[in-house]
>>> print(open('query.tsv').read())   # TSV, C-alpha atoms
chain	number	residue	atom	x	y	z
A	1	MET	CA	108.00	117.93	103.72
A	2	SER	CA	104.44	117.84	102.42
A	3	TYR	CA	103.57	114.59	100.68
A	4	GLN	CA	100.75	114.55	98.13
A	5	ARG	CA	100.94	110.99	96.75
A	6	ILE	CA	101.05	108.35	99.45
A	7	TYR	CA	101.77	104.71	98.61
A	8	PHE	CA	100.83	102.39	101.48
A	9	ASP	CA	101.96	98.86	102.09
A	10	LEU	CA	99.03	96.66	103.17
A	11	ASP	CA	100.10	93.81	105.48
A	12	GLY	CA	101.49	95.19	108.73
A	13	THR	CA	100.76	98.77	107.72
A	14	LEU	CA	97.04	99.17	107.04
A	15	THR	CA	95.89	95.85	108.48
A	16	ASP	CA	97.21	93.39	111.03
A	17	SER	CA	97.28	90.40	108.72
A	18	GLY	CA	99.63	88.36	110.90
A	19	PRO	CA	97.23	85.71	112.22
A	20	GLY	CA	96.00	84.68	108.78
A	21	ILE	CA	99.45	84.62	107.20
A	22	MET	CA	100.99	82.68	110.08
A	23	ASN	CA	98.12	80.17	110.07
A	24	GLY	CA	98.55	79.75	106.32
A	25	VAL	CA	102.30	79.23	106.66
A	26	SER	CA	101.75	76.65	109.40
A	27	TYR	CA	99.25	74.84	107.16
A	28	ALA	CA	101.68	74.85	104.23
A	29	LEU	CA	104.68	73.67	106.23
A	30	LYS	CA	102.69	70.82	107.80
A	31	ARG	CA	101.40	69.75	104.37
A	32	MET	CA	104.94	69.88	102.99
A	33	GLY	CA	106.23	67.73	105.84
A	34	ARG	CA	108.34	70.54	107.28
A	35	PRO	CA	108.66	71.60	110.93
A	36	VAL	CA	106.59	74.59	111.98
A	37	PRO	CA	108.67	77.27	113.77
A	38	PRO	CA	107.58	78.75	117.11
A	39	ARG	CA	104.78	81.30	116.79
A	40	GLN	CA	106.91	84.11	118.21
A	41	ILE	CA	109.27	84.09	115.22
A	42	MET	CA	106.71	83.56	112.45
A	43	GLY	CA	106.35	87.29	111.89
A	44	ARG	CA	109.40	86.95	109.64
A	45	TYR	CA	107.12	85.52	106.93
A	46	ILE	CA	105.06	88.72	106.82
A	47	GLY	CA	106.20	91.26	104.25
A	48	PRO	CA	108.58	89.64	101.76
A	49	PRO	CA	107.40	87.37	98.92
A	50	LEU	CA	106.50	84.02	100.48
A	51	ALA	CA	108.51	81.93	98.03
A	52	ASP	CA	111.62	83.85	99.08
A	53	SER	CA	110.81	83.25	102.74
A	54	PHE	CA	110.31	79.52	102.25
A	55	ARG	CA	113.68	79.33	100.49
A	56	ARG	CA	115.43	81.45	103.11
A	57	PHE	CA	113.90	80.14	106.33
A	58	ASP	CA	113.02	76.56	105.37
A	59	ALA	CA	115.86	75.77	102.94
A	60	MET	CA	113.42	74.86	100.16
A	61	GLU	CA	114.53	74.51	96.58
A	62	PRO	CA	112.84	77.00	94.19
A	63	GLU	CA	110.26	74.50	92.86
A	64	GLU	CA	109.40	73.29	96.34
A	65	ALA	CA	109.00	76.88	97.56
A	66	LEU	CA	106.57	77.64	94.74
A	67	ARG	CA	104.58	74.52	95.64
A	68	ALA	CA	104.51	75.65	99.29
A	69	VAL	CA	103.04	78.98	98.18
A	70	GLU	CA	100.31	77.12	96.29
A	71	VAL	CA	99.49	75.09	99.41
A	72	PHE	CA	99.53	78.26	101.53
A	73	ARG	CA	96.91	79.76	99.20
A	74	GLU	CA	94.61	76.77	99.74
A	75	TYR	CA	94.20	78.02	103.28
A	76	TYR	CA	94.75	81.74	102.90
A	77	ASN	CA	92.45	82.37	99.94
A	78	VAL	CA	89.52	80.75	101.74
A	79	LYS	CA	90.00	81.69	105.38
A	80	GLY	CA	93.32	83.32	106.18
A	81	LYS	CA	92.83	86.59	104.29
A	82	PHE	CA	89.99	87.50	106.66
A	83	GLU	CA	91.90	86.52	109.83
A	84	ASN	CA	92.93	90.11	109.75
A	85	LYS	CA	91.82	93.56	110.93
A	86	PRO	CA	92.69	97.22	110.30
A	87	TYR	CA	95.00	98.78	112.86
A	88	PRO	CA	93.34	101.20	115.30
A	89	GLY	CA	92.92	104.65	113.79
A	90	ILE	CA	93.65	103.62	110.20
A	91	GLU	CA	90.27	104.56	108.73
A	92	THR	CA	90.21	107.92	110.55
A	93	MET	CA	93.70	108.68	109.23
A	94	LEU	CA	92.78	107.72	105.65
A	95	LYS	CA	89.61	109.81	105.79
A	96	THR	CA	91.57	112.84	107.05
A	97	LEU	CA	94.24	112.52	104.36
A	98	LYS	CA	91.62	112.06	101.65
A	99	ASN	CA	89.74	115.15	102.82
A	100	GLN	CA	92.98	117.10	102.54
A	101	GLY	CA	93.12	116.25	98.85
A	102	LYS	CA	95.98	113.77	99.02
A	103	THR	CA	96.10	110.84	96.59
A	104	LEU	CA	96.17	107.52	98.45
A	105	MET	CA	97.40	104.31	96.84
A	106	VAL	CA	98.38	100.79	97.85
A	107	ALA	CA	101.60	99.06	96.76
A	108	THR	CA	101.78	95.57	98.25
A	109	SER	CA	103.56	92.27	97.61
A	110	LYS	CA	100.24	90.55	98.34
A	111	PRO	CA	98.52	89.33	95.14
A	112	GLU	CA	96.55	92.22	93.70
A	113	THR	CA	93.22	90.39	93.64
A	114	THR	CA	93.55	89.42	97.30
A	115	ALA	CA	94.59	92.95	98.28
A	116	ASN	CA	91.43	94.35	96.69
A	117	GLU	CA	89.28	91.73	98.45
A	118	VAL	CA	90.79	92.63	101.84
A	119	LEU	CA	90.32	96.37	101.32
A	120	GLU	CA	86.71	95.83	100.22
A	121	HIS	CA	86.01	93.51	103.16
A	122	PHE	CA	87.12	96.10	105.70
A	123	GLY	CA	85.51	99.08	103.93
A	124	LEU	CA	88.84	100.72	103.10
A	125	ALA	CA	88.68	100.46	99.30
A	126	PRO	CA	86.92	103.83	98.72
A	127	TYR	CA	89.90	105.73	100.12
A	128	PHE	CA	92.31	104.48	97.45
A	129	ASP	CA	92.70	105.68	93.87
A	130	LEU	CA	94.99	102.82	92.92
A	131	VAL	CA	95.81	99.35	94.25
A	132	VAL	CA	98.87	97.55	92.87
A	133	GLY	CA	99.94	94.13	94.07
A	134	SER	CA	101.99	91.18	92.91
A	135	THR	CA	100.99	89.01	89.97
A	136	LEU	CA	100.41	85.28	90.29
A	137	ASP	CA	102.61	84.54	87.26
A	138	GLY	CA	105.70	85.78	89.09
A	139	GLY	CA	106.24	88.73	86.79
A	140	ARG	CA	105.76	91.30	89.56
A	141	VAL	CA	106.67	90.06	93.02
A	142	THR	CA	109.15	92.18	94.97
A	143	LYS	CA	108.31	95.54	96.52
A	144	THR	CA	110.71	97.21	94.08
A	145	GLN	CA	108.81	95.69	91.13
A	146	VAL	CA	105.41	96.47	92.62
A	147	LEU	CA	106.35	100.05	93.37
A	148	ALA	CA	107.80	100.53	89.87
A	149	HIS	CA	104.44	99.60	88.37
A	150	ALA	CA	102.52	101.69	90.91
A	151	LEU	CA	104.65	104.76	90.19
A	152	SER	CA	104.14	104.34	86.45
A	153	LEU	CA	100.38	104.55	87.02
A	154	GLY	CA	100.07	106.87	90.02
A	155	GLY	CA	103.01	109.22	89.55
A	156	ARG	CA	106.00	110.14	91.69
A	157	GLU	CA	105.73	113.90	92.23
A	158	GLY	CA	105.39	114.53	95.97
A	159	ALA	CA	105.32	110.77	96.56
A	160	VAL	CA	106.20	108.78	99.66
A	161	MET	CA	106.03	105.11	100.67
A	162	VAL	CA	104.63	103.96	104.02
A	163	GLY	CA	105.51	100.48	105.27
A	164	ASP	CA	106.53	98.32	108.19
A	165	ARG	CA	109.46	96.28	106.84
A	166	CYS	CA	112.91	96.90	105.40
A	167	PHE	CA	111.61	95.73	102.00
A	168	ASP	CA	109.31	98.76	101.86
A	169	VAL	CA	112.17	101.12	102.69
A	170	GLU	CA	114.56	99.49	100.22
A	171	GLY	CA	111.98	99.50	97.45
A	172	ALA	CA	111.23	103.18	98.03
A	173	ARG	CA	114.91	104.13	98.14
A	174	PHE	CA	115.55	102.25	94.90
A	175	HIS	CA	113.03	104.56	93.25
A	176	GLY	CA	114.33	107.69	94.97
A	177	LEU	CA	111.43	108.04	97.42
A	178	ASP	CA	111.27	108.61	101.16
A	179	CYS	CA	109.74	105.81	103.20
A	180	ILE	CA	107.96	106.35	106.50
A	181	GLY	CA	108.37	103.28	108.70
A	182	VAL	CA	105.54	102.28	111.01
A	183	LEU	CA	106.41	100.65	114.32
A	184	PHE	CA	103.00	99.07	114.90
A	185	GLY	CA	103.58	96.46	112.17
A	186	TYR	CA	106.02	93.55	111.92
A	187	GLY	CA	109.33	95.36	111.54
A	188	ASP	CA	111.15	97.03	114.42
A	189	ARG	CA	113.01	100.29	114.90
A	190	GLU	CA	116.42	98.75	114.23
A	191	GLU	CA	115.32	97.10	110.97
A	192	LEU	CA	113.64	100.21	109.60
A	193	THR	CA	116.39	102.60	110.68
A	194	LYS	CA	119.12	100.40	109.23
A	195	ALA	CA	117.24	100.22	105.91
A	196	GLY	CA	117.13	104.03	105.78
A	197	ALA	CA	113.59	105.04	106.73
A	198	ALA	CA	113.12	108.82	106.49
A	199	ALA	CA	111.00	108.85	109.67
A	200	LEU	CA	109.31	106.44	112.07
A	201	ALA	CA	105.74	106.52	113.37
A	202	GLN	CA	104.78	104.88	116.64
A	203	ASP	CA	101.04	104.92	115.87
A	204	THR	CA	98.56	106.19	113.30
A	205	ARG	CA	98.28	109.58	114.99
A	206	GLN	CA	102.01	110.18	114.63
A	207	LEU	CA	101.92	108.83	111.08
A	208	LEU	CA	99.20	111.32	110.18
A	209	GLU	CA	101.27	114.19	111.58
A	210	ILE	CA	104.26	113.15	109.44
A	211	LEU	CA	102.18	112.75	106.28
A	212	GLU	CA	100.48	116.11	106.81
A	213	GLY	CA	103.91	117.75	106.88
>>> encode(input="query.tsv", output="structure tokens")
Amino acid sequence: MSYQRIYFDLDGTLTDSGPGIMNGVSYALKRMGRPVPPRQIMGRYIGPPLADSFRRFDAMEPEEALRAVEVFREYYNVKGKFENKPYPGIETMLKTLKNQGKTLMVATSKPETTANEVLEHFGLAPYFDLVVGSTLDGGRVTKTQVLAHALSLGGREGAVMVGDRCFDVEGARFHGLDCIGVLFGYGDREELTKAGAAALAQDTRQLLEILEG
């Protein structure tokens, strides 16, 4: 299938944002007087809305989880967002797709302002016609909500979602879209397959081949 409108997740798909997010989570948990989990399992915080993760993984009540997100941002908004880097081959892939006339967009659960700052910092912003993220007031948080807004602005004809976690696949399926799962992010083959990914890409070269149709 030839895709013309491509909605990309950001964290774990375009950039390896893990170090900054994990450092921010560690900072927040320490400040909240909570134990910090081993580094090897902290990838679970990358992808879903953080308040949900703090409730799920740290048994926080809703108000406490929202406070933990605020503390996380004290670190992340200053330092953590730049403890990050594009995955190898990402810019070459984006340039190729753009030259083919495809419309490239971002749909991320990261706050929209921060997403734009990250894309600008790494020189990726010019490749995207639209960037939609979550809102700080909690009105648009989940991938399903973010993608609904993105589709209302960017259109759905010939559209596909690209992401690294089950939340990307589930959000896309909710809206009747295929989702291409990337295996170089923070989800694994089992997670993405179980969620119903239409295809899996081992690296950016394989992802480009799928998106080119």
>>> residues_around(input="query.tsv", residues="region 153-158 of chain A", least_positions_apart="6", cutoff="6 Å", atoms="all atoms listed in the file", output="JSON, numbers by chain")
{"A": [3, 4, 5]}
>>> residues_around(input="query.tsv", residues="Arg73 (chain A)", least_positions_apart="5", cutoff="9 Å", atoms="all atoms listed in the file", output="PyMOL selection string")
chain A and resi 24+28+68+78+80
>>> residues_around(input="query.tsv", residues="region 185-196 of chain A", least_positions_apart="3", cutoff="6 Å", atoms="all atoms listed in the file", output="list in words")
Gly12, Thr13, Asp164, Arg165 and Cys166 of chain A
>>> atom_distance(input="query.tsv", atom1="CA of Gly213 (chain A)", atom2="CA of Met1 (chain A)")
5.2 Å
>>> residues_around(input="query.tsv", residues="region 206-212 of chain A", least_positions_apart="4", cutoff="7 Å", atoms="only C-alpha atoms", output="CSV table (one decimal) with C-alpha atoms, in the coordinates of the input")
chain,number,residue,atom,x,y,z
A,2,SER,CA,104.4,117.8,102.4
A,3,TYR,CA,103.6,114.6,100.7
A,93,MET,CA,93.7,108.7,109.2
A,201,ALA,CA,105.7,106.5,113.4
A,202,GLN,CA,104.8,104.9,116.6
>>> closest_residue(input="query.tsv", among="A:Gly176, A:Gly89, A:Phe128, A:His121", to="Ala148 (chain A)", atoms="all atoms listed in the file")
A:Gly176
>>> closest_atom_pairs(input="query.tsv", of="region 80-180 of chain A", to="region 45-52 of chain A", cutoff="8 Å", atoms="only C-alpha atoms", output="CSV")
residue,atom,partner,partner_atom,distance
A:Ser109,CA,A:Pro49,CA,6.4
A:Lys110,CA,A:Pro49,CA,7.9
A:Val141,CA,A:Pro49,CA,6.5
A:Thr142,CA,A:Pro49,CA,6.5
A:Lys143,CA,A:Pro48,CA,7.9
A:Arg165,CA,A:Gly47,CA,6.5
A:Phe167,CA,A:Pro48,CA,6.8
>>> build_atoms(input="query.tsv", residues="region 55-66 of chain A", atoms="all heavy atoms", output="PDB file, keeping the file's coordinate frame")
ATOM      1  N   ARG A  55     112.317  79.695 100.859  1.00  0.00           N
ATOM      2  CA  ARG A  55     113.680  79.330 100.490  1.00  0.00           C
ATOM      3  C   ARG A  55     114.666  79.722 101.576  1.00  0.00           C
ATOM      4  O   ARG A  55     115.571  78.965 101.917  1.00  0.00           O
ATOM      5  CB  ARG A  55     114.067  80.003  99.158  1.00  0.00           C
ATOM      6  CG  ARG A  55     113.369  79.424  97.947  1.00  0.00           C
ATOM      7  CD  ARG A  55     114.038  79.841  96.654  1.00  0.00           C
ATOM      8  NE  ARG A  55     113.968  81.273  96.431  1.00  0.00           N
ATOM      9  CZ  ARG A  55     113.002  81.878  95.747  1.00  0.00           C
ATOM     10  NH1 ARG A  55     112.012  81.161  95.233  1.00  0.00           N
ATOM     11  NH2 ARG A  55     113.014  83.182  95.572  1.00  0.00           N
ATOM     12  N   ARG A  56     114.486  80.921 102.127  1.00  0.00           N
ATOM     13  CA  ARG A  56     115.430  81.450 103.110  1.00  0.00           C
ATOM     14  C   ARG A  56     115.317  80.761 104.469  1.00  0.00           C
ATOM     15  O   ARG A  56     116.318  80.365 105.059  1.00  0.00           O
ATOM     16  CB  ARG A  56     115.205  82.943 103.266  1.00  0.00           C
ATOM     17  CG  ARG A  56     116.117  83.610 104.287  1.00  0.00           C
ATOM     18  CD  ARG A  56     115.823  85.083 104.412  1.00  0.00           C
ATOM     19  NE  ARG A  56     116.655  85.710 105.427  1.00  0.00           N
ATOM     20  CZ  ARG A  56     116.508  86.967 105.849  1.00  0.00           C
ATOM     21  NH1 ARG A  56     115.568  87.734 105.320  1.00  0.00           N
ATOM     22  NH2 ARG A  56     117.307  87.455 106.765  1.00  0.00           N
ATOM     23  N   PHE A  57     114.083  80.628 104.956  1.00  0.00           N
ATOM     24  CA  PHE A  57     113.900  80.140 106.330  1.00  0.00           C
ATOM     25  C   PHE A  57     113.731  78.628 106.421  1.00  0.00           C
ATOM     26  O   PHE A  57     113.947  78.047 107.478  1.00  0.00           O
ATOM     27  CB  PHE A  57     112.700  80.835 106.970  1.00  0.00           C
ATOM     28  CG  PHE A  57     112.831  82.329 107.030  1.00  0.00           C
ATOM     29  CD1 PHE A  57     111.828  83.146 106.521  1.00  0.00           C
ATOM     30  CD2 PHE A  57     113.948  82.926 107.590  1.00  0.00           C
ATOM     31  CE1 PHE A  57     111.935  84.525 106.576  1.00  0.00           C
ATOM     32  CE2 PHE A  57     114.069  84.315 107.647  1.00  0.00           C
ATOM     33  CZ  PHE A  57     113.062  85.117 107.132  1.00  0.00           C
ATOM     34  N   ASP A  58     113.303  77.994 105.317  1.00  0.00           N
ATOM     35  CA  ASP A  58     113.020  76.560 105.370  1.00  0.00           C
ATOM     36  C   ASP A  58     113.876  75.755 104.399  1.00  0.00           C
ATOM     37  O   ASP A  58     113.625  74.569 104.189  1.00  0.00           O
ATOM     38  CB  ASP A  58     111.533  76.323 105.085  1.00  0.00           C
ATOM     39  CG  ASP A  58     110.649  77.098 106.053  1.00  0.00           C
ATOM     40  OD1 ASP A  58     110.616  76.733 107.235  1.00  0.00           O
ATOM     41  OD2 ASP A  58     110.027  78.096 105.635  1.00  0.00           O
ATOM     42  N   ALA A  59     114.889  76.427 103.816  1.00  0.00           N
ATOM     43  CA  ALA A  59     115.860  75.770 102.940  1.00  0.00           C
ATOM     44  C   ALA A  59     115.200  74.981 101.809  1.00  0.00           C
ATOM     45  O   ALA A  59     115.655  73.902 101.424  1.00  0.00           O
ATOM     46  CB  ALA A  59     116.787  74.858 103.751  1.00  0.00           C
ATOM     47  N   MET A  60     114.097  75.529 101.270  1.00  0.00           N
ATOM     48  CA  MET A  60     113.420  74.860 100.160  1.00  0.00           C
ATOM     49  C   MET A  60     114.090  75.217  98.835  1.00  0.00           C
ATOM     50  O   MET A  60     114.586  76.328  98.647  1.00  0.00           O
ATOM     51  CB  MET A  60     111.944  75.298 100.102  1.00  0.00           C
ATOM     52  CG  MET A  60     111.100  74.814 101.246  1.00  0.00           C
ATOM     53  SD  MET A  60     109.341  75.203 100.969  1.00  0.00           S
ATOM     54  CE  MET A  60     108.618  74.618 102.495  1.00  0.00           C
ATOM     55  N   GLU A  61     114.106  74.253  97.941  1.00  0.00           N
ATOM     56  CA  GLU A  61     114.530  74.510  96.580  1.00  0.00           C
ATOM     57  C   GLU A  61     113.455  75.363  95.891  1.00  0.00           C
ATOM     58  O   GLU A  61     112.287  75.371  96.327  1.00  0.00           O
ATOM     59  CB  GLU A  61     114.737  73.200  95.827  1.00  0.00           C
ATOM     60  CG  GLU A  61     115.873  72.353  96.367  1.00  0.00           C
ATOM     61  CD  GLU A  61     117.219  73.054  96.244  1.00  0.00           C
ATOM     62  OE1 GLU A  61     117.446  73.743  95.232  1.00  0.00           O
ATOM     63  OE2 GLU A  61     118.045  72.912  97.169  1.00  0.00           O
ATOM     64  N   PRO A  62     113.811  76.095  94.826  1.00  0.00           N
ATOM     65  CA  PRO A  62     112.840  77.000  94.190  1.00  0.00           C
ATOM     66  C   PRO A  62     111.506  76.361  93.826  1.00  0.00           C
ATOM     67  O   PRO A  62     110.447  76.927  94.101  1.00  0.00           O
ATOM     68  CB  PRO A  62     113.591  77.469  92.937  1.00  0.00           C
ATOM     69  CG  PRO A  62     115.034  77.449  93.359  1.00  0.00           C
ATOM     70  CD  PRO A  62     115.158  76.233  94.242  1.00  0.00           C
ATOM     71  N   GLU A  63     111.516  75.152  93.245  1.00  0.00           N
ATOM     72  CA  GLU A  63     110.260  74.500  92.860  1.00  0.00           C
ATOM     73  C   GLU A  63     109.438  74.121  94.078  1.00  0.00           C
ATOM     74  O   GLU A  63     108.203  74.246  94.079  1.00  0.00           O
ATOM     75  CB  GLU A  63     110.536  73.277  91.986  1.00  0.00           C
ATOM     76  CG  GLU A  63     111.007  73.612  90.578  1.00  0.00           C
ATOM     77  CD  GLU A  63     111.057  72.392  89.683  1.00  0.00           C
ATOM     78  OE1 GLU A  63     110.639  71.296  90.129  1.00  0.00           O
ATOM     79  OE2 GLU A  63     111.529  72.521  88.531  1.00  0.00           O
ATOM     80  N   GLU A  64     110.105  73.662  95.117  1.00  0.00           N
ATOM     81  CA  GLU A  64     109.400  73.290  96.340  1.00  0.00           C
ATOM     82  C   GLU A  64     108.783  74.522  97.002  1.00  0.00           C
ATOM     83  O   GLU A  64     107.662  74.469  97.517  1.00  0.00           O
ATOM     84  CB  GLU A  64     110.363  72.600  97.311  1.00  0.00           C
ATOM     85  CG  GLU A  64     109.683  72.040  98.560  1.00  0.00           C
ATOM     86  CD  GLU A  64     110.657  71.434  99.552  1.00  0.00           C
ATOM     87  OE1 GLU A  64     111.878  71.639  99.395  1.00  0.00           O
ATOM     88  OE2 GLU A  64     110.185  70.751 100.481  1.00  0.00           O
ATOM     89  N   ALA A  65     109.506  75.638  96.970  1.00  0.00           N
ATOM     90  CA  ALA A  65     109.000  76.880  97.560  1.00  0.00           C
ATOM     91  C   ALA A  65     107.749  77.352  96.828  1.00  0.00           C
ATOM     92  O   ALA A  65     106.790  77.815  97.454  1.00  0.00           O
ATOM     93  CB  ALA A  65     110.079  77.951  97.535  1.00  0.00           C
ATOM     94  N   LEU A  66     107.752  77.237  95.508  1.00  0.00           N
ATOM     95  CA  LEU A  66     106.570  77.640  94.740  1.00  0.00           C
ATOM     96  C   LEU A  66     105.383  76.727  95.062  1.00  0.00           C
ATOM     97  O   LEU A  66     104.237  77.183  95.147  1.00  0.00           O
ATOM     98  CB  LEU A  66     106.874  77.607  93.241  1.00  0.00           C
ATOM     99  CG  LEU A  66     107.855  78.674  92.745  1.00  0.00           C
ATOM    100  CD1 LEU A  66     108.158  78.469  91.264  1.00  0.00           C
ATOM    101  CD2 LEU A  66     107.293  80.081  92.978  1.00  0.00           C
TER     102      LEU A  66
END
